[in-house]
Amino acid sequence: MTGQTGNGGPMRPTDLLTNAERTELIGSMRPEDAETVPELHEVDVPPELQRTIEEAMGRYPQLRSASIPALWAVQRHYGWCTPDGIRQAAAVMGLTPAYLQSVASFYDLFRLEPTAKHRVLVCHNISCWMRGADDILVEFCEATGCDHHEAEHDGANSPDGEVYVKGFECLGACDIAPMASIDEQYYGPLEPGDAATIVEQLKRGEDPMPDKDIRKRRTAGDHDTPGRGAEEVSVGE
Amino acid sequence: MPETRVLYENLDEQGLATMDVYKRRGGYTAIDTAFRSMSPEDLIFNIEESGLRGRGGAGFSMGKKGSFLPRGDMEKYLCCNADESEPGTFKDRELMYKNPHALIEGIAISALAVGASYAFIFIRGEYWEVADVLDAAVAEAYDAGYLGENILGSGCRIELVVHRGAGAYICGEETALLDSLEGKRGNPRLKPPFPAIQGLYGGPTLINNVETLMNVPLIVNKGPEWFKGMGTEQSTGTKVVSVSGCVKRPGNYEIELGIPSREIIYGLAGGPGAGREVKVWFPGGSSAPVLTGDDLDLPYSFEAMAEAGSMLGSGAIIVGDDTVSVPELALRTARFYHHESCGKCTPCREGTNWTVKMLERVVRGEATPMDLDIISSVQENIIGNCLCVLGDAMAMPVGSMVKKFRSEFDDAIAAARDAAPGPIDVAGADEPPLVLGATA
């Protein structure tokens, strides 16, 4: 493998490089180093991963449409989009690894670096912010030991490798603001102190706060009709 | 003012997401009518006649859009836009999670109407659980013969694929959605050609929002006249409104279009907390220019919102009470669009970046009143100058906040100046400028 991703570590964003590093990087790139489509026998793809990707390819009129499903499959298999996983998917799909890497780097949900076991995405968009999301994120960072600045921007892993925390854009659940997506499930409205409880529960392998699971929520609806209507929430006085 | 529950009827019923219960509630009767006794032309005519307008944001007539697709034997496609990423919007999530079969029925009928043999539900990757529910419902619909080959003996074939996105607001923009569905980075395309002529894989493509498509079976069952009987002349039918922010009962409410906005914010959602007042609100998602407490008596309809200089958009009302700082709200809004800009067009990529930097200066107290004029002029230079409207979607609300709450911005700047003991330390002022290609 060639290029920055092949040398073990994940790629650093080029805008974080110093000018000297940038010049060196550009100077080190040669057209003949560009990786072509890897052969299947070179990549040692796990059979179930290959099967999932091939199934996805069969669902679409054009197989390239399976790029995103394939990356999802890689992420589910390895926990994040590993360079080797991307290479394996590229071999199955007949694309270059660079192509899939370019697709993966566009989307927020694809993780291009190793990620802790549990994933907490804390919404910090308008409605959640109005209801105290910033404090919730701080609490998650305190409970996990994640660096707050890092969590707010790129996402941070806790020092014990158990929980990944990231400030996220609107997750489409402003009815339960402030909320978080925890291992792909939505929970809210979160209150002060909930973050510490949730982190404890995750570390013990329990479901976090079952009563705040959005799946249990009824429609807001007409509160004058008995049996209908959302419960009132505190909005400050 | 009660709700008018049409799409939301029975939504809390246990098991509605299964075919059995959905059929017991009258589901899959419209697909029967459509496939056995209606021609595609009849369907398009009925949808257009009903006045159904797109529920995703732009509010374009669905029937008109459908009629733009050419007739003929070429491969055509239908995409259901379930990317729902507009801040403040959460209606499609609830609709799909609780009643997936109504969406599938709407998609099958609409695909018949435009002659599409492939349909896709592009659902945002964050809605993993909702996509699982859709997958299960699609499998049931295939088994029952409502999808696949020779649907209900009509000879029509419709394949439906649930496609999970991976986290990008831009993919809610229809041409970026198509690129993403083709397996690329989600960059918008130049229009024209519009997707109705040249869309997915180069073929004619109909793209509609979840809520829009879910109205189609109802129009087939009850007729366009019934649909027109609700709402106003230019905004027919009901609308699911997502109310959030500083209100006591945030949630989705289905209303007849045209009722006073106050009824929604105060009557249904309970209004802000005791002793608080509505100061600022977005009537249609964070992309809509903001309105103030003085605008609460406007009817909630496409035309009234447009007349007031804003838009109904996706029907997401975000309410800010008098504790909310508008400069901070503007910053929060701008940060979102800066993060989500795909970077393809310069006015959006650079405009969102500089707007965030300037608003940070305002909030930190490092700005001058002149910066506000620069912010306004940046917004004006974004609008209309990009391939898609993502940049506009920041420029409109931010521009409207600076315009309508100018004195609050001025006060924030003045207060920070007065509080500062000496010359203001501007972050990054002592760093040398970065010159591309220069060696350090």
# chains A, B, ... in the order shown; residues from 1 in each chain; ligands from 1
$ select_by_dssp --residues "region 14-84 of chain A" --states "helix (DSSP H, G or I)" --output "PyMOL selection string"
chain A and resi 14-16+19-28+31-33+40-43+47-59+63-78+83-84
$ select_by_dssp --residues "region 229-319 of chain B" --states "strand (DSSP E)" --output "list in words"
Thr238, Lys239, Val240, Val241, Ser242, Val243, Ser244, Gly245, Gly251, Asn252, Tyr253, Glu254, Ile255, Glu256, Val278, Lys279, Val280, Trp281, Phe282, Leu291, Thr292, Ala316, Ile317, Ile318 and Val319 of chain B
$ atom_distance --atom1 "CA of Lys216 (chain A)" --atom2 "CA of Gln185 (chain A)"
11.7 Å
$ interface_residues --of "chain A" --to "chain B" --cutoff "8 Å" --atoms "only C-alpha atoms" --output "MDAnalysis selection string"
chainID A and resid 18:20 23 59:60 62 64:69 102:103 106:110 125:128 130:131 169:177 184:185 218:223 230:237
$ residues_around --residues "Tyr77 (chain B)" --least-positions-apart "2" --cutoff "6 Å" --atoms "only C-alpha atoms" --output "number ranges by chain"
B: 116, 118-119, 205
$ closest_residue --among "A:Glu55, A:Glu42, A:Glu48, A:Asp183" --to "His77 (chain A)" --atoms "only C-alpha atoms"
A:Glu48
$ atom_distance --atom1 "CA of Leu312 (chain B)" --atom2 "CA of Phe60 (chain B)"
11.8 Å
$ residues_around --residues "Tyr146 (chain B)" --least-positions-apart "6" --cutoff "10 Å" --atoms "only C-alpha atoms" --output "number ranges by chain"
B: 28, 31-32, 35, 104-105, 108-109, 138, 140, 152, 157-159
$ residues_around --residues "Thr29 (chain B)" --least-positions-apart "3" --cutoff "10 Å" --atoms "only C-alpha atoms" --output "NGL selection string"
:B and (23 or 25-26 or 32-34 or 105 or 217-218 or 220-221)
$ write_last_selection --atoms "N, CA and C atoms" --output "PDB file, in the first residue's frame"
ATOM      1  N   LYS B  23     -53.703  -2.840   7.252  1.00  0.00           N
ATOM      2  CA  LYS B  23     -54.824  -3.199   6.371  1.00  0.00           C
ATOM      3  C   LYS B  23     -56.157  -3.115   7.114  1.00  0.00           C
ATOM      4  N   ARG B  25     -56.902  -1.039   9.211  1.00  0.00           N
ATOM      5  CA  ARG B  25     -57.238   0.385   9.271  1.00  0.00           C
ATOM      6  C   ARG B  25     -57.481   0.967   7.883  1.00  0.00           C
ATOM      7  N   GLY B  26     -57.770   0.118   6.936  1.00  0.00           N
ATOM      8  CA  GLY B  26     -58.091   0.610   5.590  1.00  0.00           C
ATOM      9  C   GLY B  26     -56.889   0.784   4.687  1.00  0.00           C
ATOM     10  N   ASP B  32     -55.016  -0.736  -4.584  1.00  0.00           N
ATOM     11  CA  ASP B  32     -55.947  -1.569  -5.332  1.00  0.00           C
ATOM     12  C   ASP B  32     -56.675  -0.741  -6.386  1.00  0.00           C
ATOM     13  N   THR B  33     -57.251   0.380  -5.927  1.00  0.00           N
ATOM     14  CA  THR B  33     -57.966   1.278  -6.840  1.00  0.00           C
ATOM     15  C   THR B  33     -57.039   1.756  -7.951  1.00  0.00           C
ATOM     16  N   ALA B  34     -55.830   2.193  -7.556  1.00  0.00           N
ATOM     17  CA  ALA B  34     -54.913   2.789  -8.524  1.00  0.00           C
ATOM     18  C   ALA B  34     -54.484   1.774  -9.583  1.00  0.00           C
ATOM     19  N   GLU B 105     -47.166   2.390   0.296  1.00  0.00           N
ATOM     20  CA  GLU B 105     -48.329   2.478  -0.593  1.00  0.00           C
ATOM     21  C   GLU B 105     -48.259   3.749  -1.440  1.00  0.00           C
ATOM     22  N   PRO B 217     -52.017   8.140  -1.154  1.00  0.00           N
ATOM     23  CA  PRO B 217     -53.099   7.148  -1.006  1.00  0.00           C
ATOM     24  C   PRO B 217     -54.405   7.778  -0.517  1.00  0.00           C
ATOM     25  N   LEU B 218     -54.297   8.794   0.341  1.00  0.00           N
ATOM     26  CA  LEU B 218     -55.499   9.454   0.850  1.00  0.00           C
ATOM     27  C   LEU B 218     -56.240  10.179  -0.266  1.00  0.00           C
ATOM     28  N   VAL B 220     -56.115   9.387  -3.437  1.00  0.00           N
ATOM     29  CA  VAL B 220     -56.724   8.363  -4.301  1.00  0.00           C
ATOM     30  C   VAL B 220     -58.018   7.851  -3.672  1.00  0.00           C
ATOM     31  N   ASN B 221     -57.993   7.610  -2.363  1.00  0.00           N
ATOM     32  CA  ASN B 221     -59.170   7.065  -1.686  1.00  0.00           C
ATOM     33  C   ASN B 221     -60.315   8.058  -1.585  1.00  0.00           C
TER      34      ASN B 221
END
$ residues_around --residues "Asn46 (chain B)" --least-positions-apart "6" --cutoff "8 Å" --atoms "only C-alpha atoms" --output "ChimeraX atom specification"
/B:63,219-220,223-224
$ residues_around --residues "Val389 (chain B)" --least-positions-apart "6" --cutoff "9 Å" --atoms "only C-alpha atoms" --output "mmCIF file with C-alpha atoms, in the first residue's frame"
data_model
loop_
_atom_site.group_PDB
_atom_site.id
_atom_site.type_symbol
_atom_site.label_atom_id
_atom_site.label_comp_id
_atom_site.auth_asym_id
_atom_site.auth_seq_id
_atom_site.Cartn_x
_atom_site.Cartn_y
_atom_site.Cartn_z
ATOM 1 C CA GLU B 173 -30.858 18.599 -1.616
ATOM 2 C CA CYS B 348 -21.175 29.052 0.134
ATOM 3 C CA ILE B 383 -27.941 34.196 -2.211
#
$ atom_distance --atom1 "CA of Pro100 (chain B)" --atom2 "CA of Glu263 (chain B)"
29.2 Å
$ closest_residue --among "A:Ser158, A:Ser105, A:Thr82, A:Thr52" --to "His118 (chain A)" --atoms "only C-alpha atoms"
A:Ser158
